[in-house]
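Novice: There's a structure below that I have some questions on.
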Amino acid sequence: MHERDDVVGMDGSILMNRAVWKASGHEDTFTDPMVDCRSCKARLRADQLVEKKGINQCPNCGGKDLTAPRAFNLMFKTFVGATEDESSVTYLRPETAQSIFVQFKNVLEVSRKKLPFGVAQIGKAFRNEINPRNFTFRSREFEQMELEYFCRAEEGMKLLDYWLEERLKFYKNIGIQRAQLHVKTVSDEERAFYSKGTYDIEYDFPFGRQELEGVAYRTDYDLSQHQKASRKSLEYFDEETKQKFIPHVVEPSAGVDRTVLALICEAYSEDEAPDEKGKMETRIVLRFHPRMAPIKCAVFPLLKNKEPLVTKAKEIVNLLRSQMNVFYDESGAIGRRYRRQDEIGTPFGVTVDFETLGEKDRQLRDTVTLRDRDSMKQERLAVKDLPQILLSRIS
């Protein structure tokens with residue numbers, strides 16, 4: 001979003017008027033088929049049933065006495081205002097996209113963008129899963145990142161392929177190998193009725209291939225539905241052709257939680273390294289790209305009971321903290337501290353030792369050792385050069 005002139009950001013409401021969810025079709029169609037087992041009273045999604053010899057059975061007790069599948073709406077229902085009746089019903093948003101569509105005209109007028117352009121949003125979404133399962137892939141609260149890229153109808157299919165490639169580049173840039181990613185072309189039977197084309201980007205997790213995101217060409221369905229329901233124009237005026245029309249939209253929609261899980265799986269590594277006594281031991285490392293590491297740099301005084309070392313280390317923390325996320329650790333042997341940071345993926349470690357104080361060599365005063373997580377090599381650097389060097393290596 002910050003790297004492109006043709007994309008703006010917004011933060012929409014989690015709670016919106018019920019009419020939004022009626023217009024989008026979520027109230028009527030955002031459902032899963034639900035089945036009850038009369039034997040063990042389990043409540044199941046229809047696709048969780050086990051089929052044996054052509055007969056559906058409960059996966060928990062093996063019972064065959066099951067109710068007929070019925071629609072179960074996945075939106076969390078709640079009430080707004082002082083009364084709890086039909087007139088005050090609304091829902092927690094099951095996706096972030098609809099808040100972008102209902103704000104389309106406002107964003108267009110404020111940003112003064114020309115087609116094609118996009119509106120991006122990252123935020124919480126909620127789904128009342130019958131049985132939360134499959135780790136982060138079927139959860140009731142999750143983080144989404146979505147982009148609605150508005151365009152002319154004749155540009156839609158071309159931009160669908162363009163955004164597929166852009167999203168694959170994104171995953172590569174954050175540290176996910178292209179060989180681990182797979183593009184699935186969603187069939188006509190599987191994709192939404194209003195979509196002219198949909199791709200799923202999948203990742204090879206250790207437990208199997210799972211979807212990271214979908215890239216869909218949603219035509220003008222969403223804006224048309226909201227215009228029809230609100231009776232307010234959501235048309236775009238083209239100053240060159242003097243035409244008014246409802247833009248089409250291409251939507252990359254990704255799960256933040258599952259992307260983070262893919263990053264962790266990609267980064268996880270084990271190797272051998274010597275401990276304080278020189279004995280080889282297994283070292284667990286998260287080899288995040290420095291851009292993606294939650295903590296960029298850890299700062300250690302060599303000894304916690306040597307006040308000048310601690311004071312100098314905390315000065316370095318303050319020097320770096322305004323420019324990156326820094327962790328200070330003075331507890332335990334220095335080797336143990338390195339290992340802790342390796343396990344959480346911190347790419348750089350700065351150690352303040354007696355050379356920093358100039359006690360052994362006055363020429364080394366105000367220098368520190370900078371340790372690289374992956375190679376474990378250390379180099380001597382001046383404290384004043386640390387911010388610039390670290391920022392260049394992180395980027």
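Going through the structure tokens in order, the chains are called A, B, and so on, while each chain numbers its residues from 1 and the ligands are numbered from 1 in the order shown.
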Per residue of segment 211-307 of chain A within 8 Å of segment 330-346 of chain A, record the nearest atom pair and its distance in Å to one decimal, counting only C-alpha atoms, with rows in chain order and ascending residue number, as a tab-separated table.
Specialist:
```
residue	atom	partner	partner_atom	distance
A:Asp275	CA	A:Gly335	CA	6.7
A:Glu276	CA	A:Gly335	CA	6.2
A:Arg283	CA	A:Arg339	CA	7.1
A:Ile284	CA	A:Glu343	CA	5.5
A:Val285	CA	A:Glu343	CA	4.8
A:Leu286	CA	A:Gly345	CA	4.3
A:Arg287	CA	A:Gly345	CA	5.8
A:Phe288	CA	A:Gly345	CA	5.8
A:Pro290	CA	A:Thr346	CA	7.7
A:Ala293	CA	A:Gly345	CA	6.0
A:Pro294	CA	A:Thr346	CA	7.3
A:Ile295	CA	A:Thr346	CA	5.4
A:Lys296	CA	A:Thr346	CA	5.5
A:Cys297	CA	A:Thr346	CA	6.0
A:Ala298	CA	A:Thr346	CA	7.1
A:Phe300	CA	A:Glu330	CA	5.7
A:Pro301	CA	A:Glu330	CA	6.0
A:Leu302	CA	A:Ile334	CA	6.6
A:Leu303	CA	A:Glu330	CA	7.0
A:Lys304	CA	A:Glu330	CA	5.4
```
Novice: Kindly export the residues of the current selection with N, CA and C atoms, as an mmCIF file, in the first residue's frame.
Specialist:
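Written file, result.cif:
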```
data_model
loop_
_atom_site.group_PDB
_atom_site.id
_atom_site.type_symbol
_atom_site.label_atom_id
_atom_site.label_comp_id
_atom_site.auth_asym_id
_atom_site.auth_seq_id
_atom_site.Cartn_x
_atom_site.Cartn_y
_atom_site.Cartn_z
ATOM 1 N N ASP A 275 28.515 -25.232 22.324
ATOM 2 C CA ASP A 275 28.059 -24.503 23.502
ATOM 3 C C ASP A 275 29.250 -23.806 24.155
ATOM 4 N N GLU A 276 29.052 -23.278 25.397
ATOM 5 C CA GLU A 276 30.117 -22.516 26.065
ATOM 6 C C GLU A 276 31.380 -23.341 26.308
ATOM 7 N N ARG A 283 21.111 -26.587 17.493
ATOM 8 C CA ARG A 283 20.669 -25.195 17.583
ATOM 9 C C ARG A 283 19.399 -25.036 16.743
ATOM 10 N N ILE A 284 18.337 -24.539 17.368
ATOM 11 C CA ILE A 284 17.090 -24.254 16.656
ATOM 12 C C ILE A 284 17.105 -22.793 16.230
ATOM 13 N N VAL A 285 16.848 -22.557 14.948
ATOM 14 C CA VAL A 285 16.917 -21.199 14.385
ATOM 15 C C VAL A 285 15.676 -20.928 13.543
ATOM 16 N N LEU A 286 15.132 -19.731 13.682
ATOM 17 C CA LEU A 286 14.127 -19.254 12.736
ATOM 18 C C LEU A 286 14.838 -18.283 11.798
ATOM 19 N N ARG A 287 15.048 -18.710 10.558
ATOM 20 C CA ARG A 287 15.829 -17.918 9.606
ATOM 21 C C ARG A 287 14.926 -16.941 8.837
ATOM 22 N N PHE A 288 14.221 -16.097 9.590
ATOM 23 C CA PHE A 288 13.413 -15.060 8.951
ATOM 24 C C PHE A 288 14.302 -14.113 8.149
ATOM 25 N N PRO A 290 15.506 -10.599 7.533
ATOM 26 C CA PRO A 290 15.524 -9.525 8.539
ATOM 27 C C PRO A 290 14.332 -8.575 8.464
ATOM 28 N N ALA A 293 11.555 -10.391 10.567
ATOM 29 C CA ALA A 293 11.802 -10.798 11.953
ATOM 30 C C ALA A 293 11.077 -9.855 12.924
ATOM 31 N N PRO A 294 10.345 -10.392 13.891
ATOM 32 C CA PRO A 294 9.624 -9.530 14.847
ATOM 33 C C PRO A 294 10.565 -8.618 15.628
ATOM 34 N N ILE A 295 11.708 -9.161 16.051
ATOM 35 C CA ILE A 295 12.734 -8.379 16.750
ATOM 36 C C ILE A 295 13.959 -8.308 15.835
ATOM 37 N N LYS A 296 14.412 -7.107 15.569
ATOM 38 C CA LYS A 296 15.510 -6.934 14.613
ATOM 39 C C LYS A 296 16.881 -7.113 15.245
ATOM 40 N N CYS A 297 16.993 -6.706 16.493
ATOM 41 C CA CYS A 297 18.313 -6.710 17.130
ATOM 42 C C CYS A 297 18.169 -6.934 18.623
ATOM 43 N N ALA A 298 19.051 -7.750 19.188
ATOM 44 C CA ALA A 298 19.120 -7.947 20.632
ATOM 45 C C ALA A 298 20.426 -7.346 21.148
ATOM 46 N N PHE A 300 23.137 -7.162 24.436
ATOM 47 C CA PHE A 300 23.541 -7.885 25.639
ATOM 48 C C PHE A 300 24.740 -7.212 26.299
ATOM 49 N N PRO A 301 24.685 -6.935 27.595
ATOM 50 C CA PRO A 301 25.927 -6.657 28.326
ATOM 51 C C PRO A 301 26.597 -8.005 28.624
ATOM 52 N N LEU A 302 27.891 -8.094 28.492
ATOM 53 C CA LEU A 302 28.569 -9.374 28.709
ATOM 54 C C LEU A 302 28.284 -9.931 30.102
ATOM 55 N N LEU A 303 28.283 -9.047 31.108
ATOM 56 C CA LEU A 303 27.979 -9.448 32.492
ATOM 57 C C LEU A 303 26.930 -8.497 33.063
ATOM 58 N N LYS A 304 25.942 -9.040 33.766
ATOM 59 C CA LYS A 304 24.881 -8.187 34.298
ATOM 60 C C LYS A 304 25.276 -7.513 35.610
#
```
Novice: May I ask which of the residues A:Ala120, A:Met280, A:Val102, A:Ala267 is the closest one to Ala229 of chain A, counting only C-alpha atoms?
Specialist: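 Counting only C-alpha atoms, the residue closest to Ala229 of chain A is A:Val102.
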Novice: Got a sec: who's within 8 Å of Ile14 of chain A, counting only C-alpha atoms, leaving out chain neighbours fewer than 3 positions off, as a count of residues only?
Specialist: 4
Novice: Tell me which protein, DNA and RNA residues are within 8 Å of Thr356 of chain A, counting only C-alpha atoms, leaving out same-chain ones fewer than 2 positions away, and put them as a count of residues only.
Specialist: 10
Novice: If you take only C-alpha atoms and a cut-off of 10 Å, which residues of segment 185-219 of chain A touch segment 146-165 of chain A, and what are their nearest atom pairs and distances in Å to one decimal, in chain and number order, as a tab-separated table?
Specialist:
```
residue	atom	partner	partner_atom	distance
A:Lys196	CA	A:Met157	CA	7.9
A:Gly197	CA	A:Met157	CA	7.4
A:Thr198	CA	A:Leu160	CA	8.0
A:Tyr199	CA	A:Leu164	CA	7.5
A:Asp200	CA	A:Leu164	CA	9.0
A:Ile201	CA	A:Leu164	CA	8.3
A:Glu213	CA	A:Glu146	CA	9.5
A:Gly214	CA	A:Leu164	CA	8.9
A:Val215	CA	A:Leu164	CA	6.4
A:Ala216	CA	A:Leu160	CA	6.8
A:Tyr217	CA	A:Leu160	CA	6.0
A:Arg218	CA	A:Gly156	CA	8.8
A:Thr219	CA	A:Ala153	CA	7.2
```
Novice: Please run DSSP on the backbone and report, as an MDAnalysis selection string, all residues within segment 103-228 of chain A that come out as strand (DSSP E or B).
Specialist: chainID A and resid 117:126 133 138 141:151 181:185 197:205 208:217
Novice: Considering only C-alpha atoms, can you say which of A:Phe237, A:Trp21, A:Phe348, A:Phe327 comes closest to Glu109 of chain A?
Specialist: A:Phe237
Novice: Could you jot down the atom CA of Lys314 of chain A to atom CA of Asp329 of chain A separation for me, Å, one decimal place?
Specialist: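 Here the two named atoms are 10.0 Å from each other.
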Novice: Please extract the residues of segment 47-180 of chain A with a backbone DSSP assignment of alpha helix (DSSP H) and present them as a PyMOL selection string.
Specialist: chain A and resi 97-102+104-111+156-174
Novice: Residues as selected, N, CA and C atoms, written as an mmCIF file, in the first residue's frame, can you do that?
Specialist:
```cif
data_model
loop_
_atom_site.group_PDB
_atom_site.id
_atom_site.type_symbol
_atom_site.label_atom_id
_atom_site.label_comp_id
_atom_site.auth_asym_id
_atom_site.auth_seq_id
_atom_site.Cartn_x
_atom_site.Cartn_y
_atom_site.Cartn_z
ATOM 1 N N ALA A 97 -13.869 -6.973 3.106
ATOM 2 C CA ALA A 97 -14.106 -6.387 1.786
ATOM 3 C C ALA A 97 -15.319 -5.463 1.731
ATOM 4 N N GLN A 98 -16.428 -5.841 2.400
ATOM 5 C CA GLN A 98 -17.671 -5.081 2.228
ATOM 6 C C GLN A 98 -17.559 -3.640 2.729
ATOM 7 N N SER A 99 -16.741 -3.418 3.752
ATOM 8 C CA SER A 99 -16.572 -2.040 4.234
ATOM 9 C C SER A 99 -15.868 -1.182 3.182
ATOM 10 N N ILE A 100 -15.042 -1.812 2.347
ATOM 11 C CA ILE A 100 -14.405 -1.075 1.255
ATOM 12 C C ILE A 100 -15.442 -0.710 0.195
ATOM 13 N N PHE A 101 -16.326 -1.629 -0.134
ATOM 14 C CA PHE A 101 -17.326 -1.359 -1.173
ATOM 15 C C PHE A 101 -18.297 -0.250 -0.751
ATOM 16 N N VAL A 102 -18.740 -0.278 0.502
ATOM 17 C CA VAL A 102 -19.717 0.744 0.912
ATOM 18 C C VAL A 102 -19.066 2.115 1.078
ATOM 19 N N PHE A 104 -16.661 3.097 -1.039
ATOM 20 C CA PHE A 104 -15.991 3.338 -2.317
ATOM 21 C C PHE A 104 -16.102 4.798 -2.759
ATOM 22 N N LYS A 105 -17.299 5.351 -2.710
ATOM 23 C CA LYS A 105 -17.511 6.711 -3.202
ATOM 24 C C LYS A 105 -16.742 7.727 -2.347
ATOM 25 N N ASN A 106 -16.750 7.539 -1.036
ATOM 26 C CA ASN A 106 -16.022 8.452 -0.150
ATOM 27 C C ASN A 106 -14.520 8.415 -0.426
ATOM 28 N N VAL A 107 -13.984 7.198 -0.567
ATOM 29 C CA VAL A 107 -12.549 7.061 -0.835
ATOM 30 C C VAL A 107 -12.202 7.679 -2.181
ATOM 31 N N LEU A 108 -13.052 7.464 -3.179
ATOM 32 C CA LEU A 108 -12.816 8.000 -4.511
ATOM 33 C C LEU A 108 -12.756 9.525 -4.492
ATOM 34 N N GLU A 109 -13.701 10.145 -3.783
ATOM 35 C CA GLU A 109 -13.761 11.609 -3.747
ATOM 36 C C GLU A 109 -12.585 12.204 -2.981
ATOM 37 N N VAL A 110 -12.185 11.551 -1.906
ATOM 38 C CA VAL A 110 -11.095 12.084 -1.079
ATOM 39 C C VAL A 110 -9.737 11.853 -1.731
ATOM 40 N N SER A 111 -9.524 10.649 -2.271
ATOM 41 C CA SER A 111 -8.206 10.297 -2.827
ATOM 42 C C SER A 111 -7.994 10.849 -4.228
ATOM 43 N N GLY A 156 -10.359 -6.379 -16.664
ATOM 44 C CA GLY A 156 -10.492 -7.309 -15.550
ATOM 45 C C GLY A 156 -9.643 -8.563 -15.636
ATOM 46 N N MET A 157 -9.730 -9.310 -16.734
ATOM 47 C CA MET A 157 -9.005 -10.569 -16.839
ATOM 48 C C MET A 157 -7.491 -10.348 -16.879
ATOM 49 N N LYS A 158 -7.061 -9.277 -17.538
ATOM 50 C CA LYS A 158 -5.631 -8.970 -17.579
ATOM 51 C C LYS A 158 -5.111 -8.634 -16.183
ATOM 52 N N LEU A 159 -5.892 -7.853 -15.419
ATOM 53 C CA LEU A 159 -5.464 -7.479 -14.065
ATOM 54 C C LEU A 159 -5.547 -8.655 -13.102
ATOM 55 N N LEU A 160 -6.428 -9.609 -13.372
ATOM 56 C CA LEU A 160 -6.464 -10.824 -12.552
ATOM 57 C C LEU A 160 -5.122 -11.534 -12.622
ATOM 58 N N ASP A 161 -4.582 -11.713 -13.815
ATOM 59 C CA ASP A 161 -3.273 -12.360 -13.971
ATOM 60 C C ASP A 161 -2.147 -11.487 -13.419
ATOM 61 N N TYR A 162 -2.280 -10.169 -13.598
ATOM 62 C CA TYR A 162 -1.267 -9.254 -13.065
ATOM 63 C C TYR A 162 -1.168 -9.374 -11.543
ATOM 64 N N TRP A 163 -2.328 -9.372 -10.860
ATOM 65 C CA TRP A 163 -2.289 -9.414 -9.402
ATOM 66 C C TRP A 163 -1.886 -10.785 -8.865
ATOM 67 N N LEU A 164 -2.147 -11.820 -9.627
ATOM 68 C CA LEU A 164 -1.625 -13.136 -9.231
ATOM 69 C C LEU A 164 -0.097 -13.081 -9.174
ATOM 70 N N GLU A 165 0.532 -12.528 -10.199
ATOM 71 C CA GLU A 165 1.991 -12.446 -10.219
ATOM 72 C C GLU A 165 2.522 -11.515 -9.134
ATOM 73 N N GLU A 166 1.822 -10.412 -8.884
ATOM 74 C CA GLU A 166 2.239 -9.488 -7.827
ATOM 75 C C GLU A 166 2.203 -10.159 -6.459
ATOM 76 N N ARG A 167 1.182 -10.982 -6.244
ATOM 77 C CA ARG A 167 1.066 -11.651 -4.946
ATOM 78 C C ARG A 167 2.135 -12.731 -4.796
ATOM 79 N N LEU A 168 2.467 -13.412 -5.868
ATOM 80 C CA LEU A 168 3.554 -14.395 -5.804
ATOM 81 C C LEU A 168 4.886 -13.705 -5.514
ATOM 82 N N LYS A 169 5.090 -12.522 -6.093
ATOM 83 C CA LYS A 169 6.301 -11.739 -5.794
ATOM 84 C C LYS A 169 6.330 -11.341 -4.315
ATOM 85 N N PHE A 170 5.167 -10.974 -3.778
ATOM 86 C CA PHE A 170 5.087 -10.585 -2.366
ATOM 87 C C PHE A 170 5.571 -11.714 -1.464
ATOM 88 N N TYR A 171 5.089 -12.925 -1.714
ATOM 89 C CA TYR A 171 5.496 -14.046 -0.862
ATOM 90 C C TYR A 171 6.990 -14.323 -0.987
ATOM 91 N N LYS A 172 7.520 -14.194 -2.195
ATOM 92 C CA LYS A 172 8.959 -14.376 -2.369
ATOM 93 C C LYS A 172 9.740 -13.316 -1.602
ATOM 94 N N ASN A 173 9.261 -12.083 -1.634
ATOM 95 C CA ASN A 173 9.973 -10.979 -0.981
ATOM 96 C C ASN A 173 9.977 -11.099 0.538
ATOM 97 N N ILE A 174 8.986 -11.754 1.110
ATOM 98 C CA ILE A 174 8.972 -11.895 2.571
ATOM 99 C C ILE A 174 9.670 -13.173 3.028
#
```
Novice: Kindly give the distance, in Å, that separates atom CA of Arg393 of chain A and atom CA of Arg291 of chain A, rounded to a single decimal.
Specialist: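 These two atoms are separated by 8.9 Å.
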